[in-house]
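What follows is a short report on a single structure.
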Amino acid sequence: MDYFLTSPDCDTISKTYNGQIDSHLIQKTNDGYREILPNLPRGKGWMTEHLVQYQGVWLTPNFALKGLMWVQDHFKPRSTDICLATFPKTGTTWLKALTFATVNRTRYGFADHPLLTTVPHGCLPFLEACPNDLDGFPSPRLLSTHFPYTLLPNSMTVNQSCRFVYICRDPKDVLVSKWLFMNKLRPKELAPISLEEAFELFCQGISHYGPYWDHVLGYWKASLETPEKVLFLKYEELKEEPSVVVKRLGEFLGHPFSLEEVSKGVVEEIMKLCSFENLSNLEVNKSSVLKLSTQIIIDNRHFFRKGKVGDGKSYLTDEMIKRINEITSEKLLGSGLVFGS
């Protein structure tokens, strides 16, 4: 079974972000959004002035919350859908590139691959940004989201109509990477968030799509209950043994690598194409932007910082590290999950 995108140049994705959607459904979602927004708990925002807590999760009000309400009420999943799910700054860009390259490896050559001219986020539609427009995509569809498993509608989870690929990362690295990233996107009229403030917010669970530990555990438990539907990956394992993880990814996606492909070095070619060194030095990822909405426009270069394991320790104090480790031990107790490789 092929999981190809509609357009060889990813044009369909860029059009989707700016496509036309049912005005009646938009109005219905907007009315519901305006009704609940004033009563939601608020917390300090990282990229925006504040976040709101909805169904136990912290979200940006105008983008993530409204997108979630749309998905919960109107999104129509298909049995062939594959959804890449991540918490921000856990390896989203890398996972998107690897997935796109793996499932499309017989469609594109490595010399003129779409990833050479399109940021990985532009090759997989973001569920929060364009749920209704996805109805026009032919099956099967490759999708992506930051939503926790617990917030997704039953049509995607309980009914098991979708398959998910999830990746987690050590929370210390997630915190630091997210803090640096969000400060780059924070409006100039808002003062930058200090590391100490970001640390406190993160530990309290007040961060985009947080609490982080709850986000991870939702997909972890789903992967134990239905491993054929949820593939759970670790960033550290991907860094340590990328070829092993890419082969697992291909198998799960229904595109296993043949012995001939392995012997010809196809796996290595994909890893090279999707490597931090290659992607971060492409002109499109140094000078172009990704437009998720009229308010959210991100320089592609911000998606590429270091891509290293353990860099969070270079920023955090011993006391910070101790506290995060203690929270992690408490949250993961009895789950069977351990961060790292």
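By convention in this document, the chains of the structure tokens carry letters A, B, ... by their order, each chain's residues are numbered from 1, and ligands are numbered from 1 in the order they are shown.
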
Q: Compile the contact shell of Gly312 of chain A as a ChimeraX atom specification: residues with an atom at most 6 Å away, counting only C-alpha atoms, same-chain residues fewer than 2 positions apart removed.
A: /A:172-173,176,310,314-315

Distance table requested - segment 35-120 of chain A against segment 202-210 of chain A, cut-off 7 Å, only C-alpha atoms: one row per qualifying residue with the closest atom pair and its distance in Å to one decimal, ordered by chain and rising residue number, as a tab-separated table.
```
residue	atom	partner	partner_atom	distance
A:Gly43	CA	A:Ile206	CA	6.6
A:Val57	CA	A:Gly210	CA	5.7
A:Trp58	CA	A:Tyr209	CA	5.2
A:Leu59	CA	A:His208	CA	5.3
A:Thr60	CA	A:His208	CA	6.8
A:Phe87	CA	A:Tyr209	CA	6.9
```

Q: For His121 of chain A, please output as a list of chain:residue names all residues within 9 Å (counting only C-alpha atoms; exclusion window: fewer than 4 positions along the same chain).
A: A:Thr92, A:Thr93, A:Lys96, A:Ala97, A:Pro125, A:Phe126, A:Ser144, A:Leu290

Got time to write the residues from that selection, all heavy atoms, as a PDB file, in the first residue's frame?
```
ATOM      1  N   THR A  92      10.399  16.598  15.641  1.00  0.00           N
ATOM      2  CA  THR A  92       9.326  16.654  14.644  1.00  0.00           C
ATOM      3  C   THR A  92       9.851  16.806  13.228  1.00  0.00           C
ATOM      4  O   THR A  92       9.447  16.068  12.318  1.00  0.00           O
ATOM      5  CB  THR A  92       8.373  17.828  14.964  1.00  0.00           C
ATOM      6  OG1 THR A  92       7.923  17.730  16.315  1.00  0.00           O
ATOM      7  CG2 THR A  92       7.176  17.814  14.028  1.00  0.00           C
ATOM      8  N   THR A  93      10.741  17.770  13.017  1.00  0.00           N
ATOM      9  CA  THR A  93      11.246  18.054  11.673  1.00  0.00           C
ATOM     10  C   THR A  93      11.961  16.838  11.093  1.00  0.00           C
ATOM     11  O   THR A  93      11.753  16.465   9.922  1.00  0.00           O
ATOM     12  CB  THR A  93      12.208  19.257  11.710  1.00  0.00           C
ATOM     13  OG1 THR A  93      11.544  20.371  12.318  1.00  0.00           O
ATOM     14  CG2 THR A  93      12.650  19.641  10.311  1.00  0.00           C
ATOM     15  N   LYS A  96       9.460  13.963  10.281  1.00  0.00           N
ATOM     16  CA  LYS A  96       8.696  14.247   9.070  1.00  0.00           C
ATOM     17  C   LYS A  96       9.530  13.964   7.826  1.00  0.00           C
ATOM     18  O   LYS A  96       9.044  13.372   6.856  1.00  0.00           O
ATOM     19  CB  LYS A  96       8.223  15.701   9.069  1.00  0.00           C
ATOM     20  CG  LYS A  96       7.052  15.980   9.984  1.00  0.00           C
ATOM     21  CD  LYS A  96       6.552  17.413   9.813  1.00  0.00           C
ATOM     22  CE  LYS A  96       5.304  17.669  10.647  1.00  0.00           C
ATOM     23  NZ  LYS A  96       4.756  19.033  10.444  1.00  0.00           N
ATOM     24  N   ALA A  97      10.773  14.411   7.852  1.00  0.00           N
ATOM     25  CA  ALA A  97      11.648  14.196   6.693  1.00  0.00           C
ATOM     26  C   ALA A  97      11.867  12.708   6.449  1.00  0.00           C
ATOM     27  O   ALA A  97      11.759  12.230   5.312  1.00  0.00           O
ATOM     28  CB  ALA A  97      12.982  14.905   6.925  1.00  0.00           C
ATOM     29  N   PRO A 125       0.883  17.818   5.892  1.00  0.00           N
ATOM     30  CA  PRO A 125      -0.073  18.789   6.425  1.00  0.00           C
ATOM     31  C   PRO A 125      -0.215  18.687   7.928  1.00  0.00           C
ATOM     32  O   PRO A 125      -0.222  17.600   8.501  1.00  0.00           O
ATOM     33  CB  PRO A 125      -1.381  18.431   5.711  1.00  0.00           C
ATOM     34  CG  PRO A 125      -1.209  17.015   5.286  1.00  0.00           C
ATOM     35  CD  PRO A 125       0.250  16.840   4.987  1.00  0.00           C
ATOM     36  N   PHE A 126      -0.339  19.841   8.558  1.00  0.00           N
ATOM     37  CA  PHE A 126      -0.455  19.957   9.995  1.00  0.00           C
ATOM     38  C   PHE A 126      -1.941  19.958  10.349  1.00  0.00           C
ATOM     39  O   PHE A 126      -2.688  20.844   9.941  1.00  0.00           O
ATOM     40  CB  PHE A 126       0.215  21.270  10.435  1.00  0.00           C
ATOM     41  CG  PHE A 126       0.578  21.350  11.876  1.00  0.00           C
ATOM     42  CD1 PHE A 126       1.179  20.303  12.534  1.00  0.00           C
ATOM     43  CD2 PHE A 126       0.341  22.523  12.591  1.00  0.00           C
ATOM     44  CE1 PHE A 126       1.540  20.401  13.867  1.00  0.00           C
ATOM     45  CE2 PHE A 126       0.688  22.633  13.924  1.00  0.00           C
ATOM     46  CZ  PHE A 126       1.288  21.564  14.559  1.00  0.00           C
ATOM     47  N   SER A 144       0.153  15.210  10.303  1.00  0.00           N
ATOM     48  CA  SER A 144       0.984  15.444  11.482  1.00  0.00           C
ATOM     49  C   SER A 144       0.198  16.262  12.492  1.00  0.00           C
ATOM     50  O   SER A 144      -0.726  17.007  12.134  1.00  0.00           O
ATOM     51  CB  SER A 144       2.277  16.175  11.113  1.00  0.00           C
ATOM     52  OG  SER A 144       1.998  17.471  10.619  1.00  0.00           O
ATOM     53  N   LEU A 290       7.764  29.244   6.723  1.00  0.00           N
ATOM     54  CA  LEU A 290       6.587  28.375   6.744  1.00  0.00           C
ATOM     55  C   LEU A 290       5.427  29.178   7.312  1.00  0.00           C
ATOM     56  O   LEU A 290       5.509  29.704   8.417  1.00  0.00           O
ATOM     57  CB  LEU A 290       6.836  27.140   7.613  1.00  0.00           C
ATOM     58  CG  LEU A 290       5.640  26.197   7.774  1.00  0.00           C
ATOM     59  CD1 LEU A 290       5.366  25.459   6.469  1.00  0.00           C
ATOM     60  CD2 LEU A 290       5.889  25.188   8.899  1.00  0.00           C
TER      61      LEU A 290
END
```

Q: Using only C-alpha atoms, determine which residues lie at most 9 Å from Pro187 of chain A, disregarding the query and same-chain residues fewer than 3 positions distant; provide the list as a PyMOL selection string.
A: chain A and resi 47-49+183-184+190-192

Selection from above, N, CA, C and O atoms, as a PDB file, in the first residue's frame, can you write it?
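Contents of result_3.pdb, as written:
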```
ATOM      1  N   MET A  47       5.189  31.647  23.472  1.00  0.00           N
ATOM      2  CA  MET A  47       5.265  32.352  22.192  1.00  0.00           C
ATOM      3  C   MET A  47       4.224  33.463  22.132  1.00  0.00           C
ATOM      4  O   MET A  47       4.429  34.488  21.496  1.00  0.00           O
ATOM      5  N   THR A  48       3.100  33.254  22.816  1.00  0.00           N
ATOM      6  CA  THR A  48       2.019  34.225  22.876  1.00  0.00           C
ATOM      7  C   THR A  48       1.906  34.767  24.296  1.00  0.00           C
ATOM      8  O   THR A  48       2.591  34.300  25.203  1.00  0.00           O
ATOM      9  N   GLU A  49       1.014  35.723  24.482  1.00  0.00           N
ATOM     10  CA  GLU A  49       0.883  36.328  25.804  1.00  0.00           C
ATOM     11  C   GLU A  49       0.416  35.328  26.846  1.00  0.00           C
ATOM     12  O   GLU A  49       0.873  35.341  27.986  1.00  0.00           O
ATOM     13  N   ASN A 183      11.267  31.755  22.176  1.00  0.00           N
ATOM     14  CA  ASN A 183      11.726  33.142  22.329  1.00  0.00           C
ATOM     15  C   ASN A 183      12.009  33.786  20.971  1.00  0.00           C
ATOM     16  O   ASN A 183      11.876  35.004  20.809  1.00  0.00           O
ATOM     17  N   LYS A 184      12.403  32.974  19.987  1.00  0.00           N
ATOM     18  CA  LYS A 184      12.639  33.509  18.643  1.00  0.00           C
ATOM     19  C   LYS A 184      11.329  33.927  17.979  1.00  0.00           C
ATOM     20  O   LYS A 184      11.315  34.826  17.136  1.00  0.00           O
ATOM     21  N   LEU A 190       6.443  41.698  23.588  1.00  0.00           N
ATOM     22  CA  LEU A 190       6.472  40.894  24.803  1.00  0.00           C
ATOM     23  C   LEU A 190       7.918  40.636  25.189  1.00  0.00           C
ATOM     24  O   LEU A 190       8.738  40.249  24.359  1.00  0.00           O
ATOM     25  N   ALA A 191       8.236  40.820  26.450  1.00  0.00           N
ATOM     26  CA  ALA A 191       9.600  40.577  26.917  1.00  0.00           C
ATOM     27  C   ALA A 191       9.959  39.103  26.779  1.00  0.00           C
ATOM     28  O   ALA A 191       9.087  38.224  26.946  1.00  0.00           O
ATOM     29  N   PRO A 192      11.214  38.799  26.451  1.00  0.00           N
ATOM     30  CA  PRO A 192      11.629  37.400  26.361  1.00  0.00           C
ATOM     31  C   PRO A 192      11.405  36.664  27.679  1.00  0.00           C
ATOM     32  O   PRO A 192      11.453  37.272  28.752  1.00  0.00           O
TER      33      PRO A 192
END
```

Q: Figure out the distance between atom CA of Phe276 of chain A and atom CA of His113 of chain A, please, to one decimal in Å.
A: 16.0 Å

(Q) Using DSSP secondary structure from the backbone, list all strand (DSSP E or B) positions within segment 85-280 of chain A, as a ChimeraX atom specification. (A) /A:85-86,126,142-145,163-168,230-234

Written file, previous selection with C-alpha atoms, as an mmCIF file, in the first residue's frame:
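Output file again_34.cif is given in full below:
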```cif
data_model
loop_
_atom_site.group_PDB
_atom_site.id
_atom_site.type_symbol
_atom_site.label_atom_id
_atom_site.label_comp_id
_atom_site.auth_asym_id
_atom_site.auth_seq_id
_atom_site.Cartn_x
_atom_site.Cartn_y
_atom_site.Cartn_z
ATOM 1 C CA ALA A 85 2.371 12.897 16.494
ATOM 2 C CA THR A 86 4.935 14.814 18.528
ATOM 3 C CA PHE A 126 -0.455 19.957 9.995
ATOM 4 C CA LEU A 142 0.239 11.411 5.687
ATOM 5 C CA LEU A 143 -0.707 13.868 8.452
ATOM 6 C CA SER A 144 0.984 15.444 11.482
ATOM 7 C CA THR A 145 -0.103 16.903 14.817
ATOM 8 C CA ARG A 163 -2.141 4.736 12.701
ATOM 9 C CA PHE A 164 0.279 6.928 14.637
ATOM 10 C CA VAL A 165 4.050 7.378 14.719
ATOM 11 C CA TYR A 166 5.204 9.102 17.900
ATOM 12 C CA ILE A 167 8.628 10.251 19.059
ATOM 13 C CA CYS A 168 9.676 11.345 22.556
ATOM 14 C CA VAL A 230 0.958 3.210 17.402
ATOM 15 C CA LEU A 231 4.713 3.125 16.773
ATOM 16 C CA PHE A 232 6.573 4.692 19.714
ATOM 17 C CA LEU A 233 10.081 5.998 18.996
ATOM 18 C CA LYS A 234 12.776 7.721 21.040
#
```

Q.
Using only C-alpha atoms for the distances, tell me which of A:Leu25, A:Leu68, A:Leu337, A:Leu98 is nearest to Lys221 of chain A.
A. A:Leu337

Q: Would you return as a ChimeraX atom specification the members of segment 109-334 of chain A that DSSP assigns to alpha helix (DSSP H) on this structure's backbone?
A: /A:171-185,195-203,212-225,235-240,242-252,259-263,266-273,276-280,284-287,318-332

Q. What gap, in Å, lies between atom CA of Phe339 of chain A and atom CA of Phe100 of chain A?
A. 25.6 Å

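Distance-wise, atom CA of Pro211 of chain A and atom CA of Ala64 of chain A end up 14.8 Å apart.
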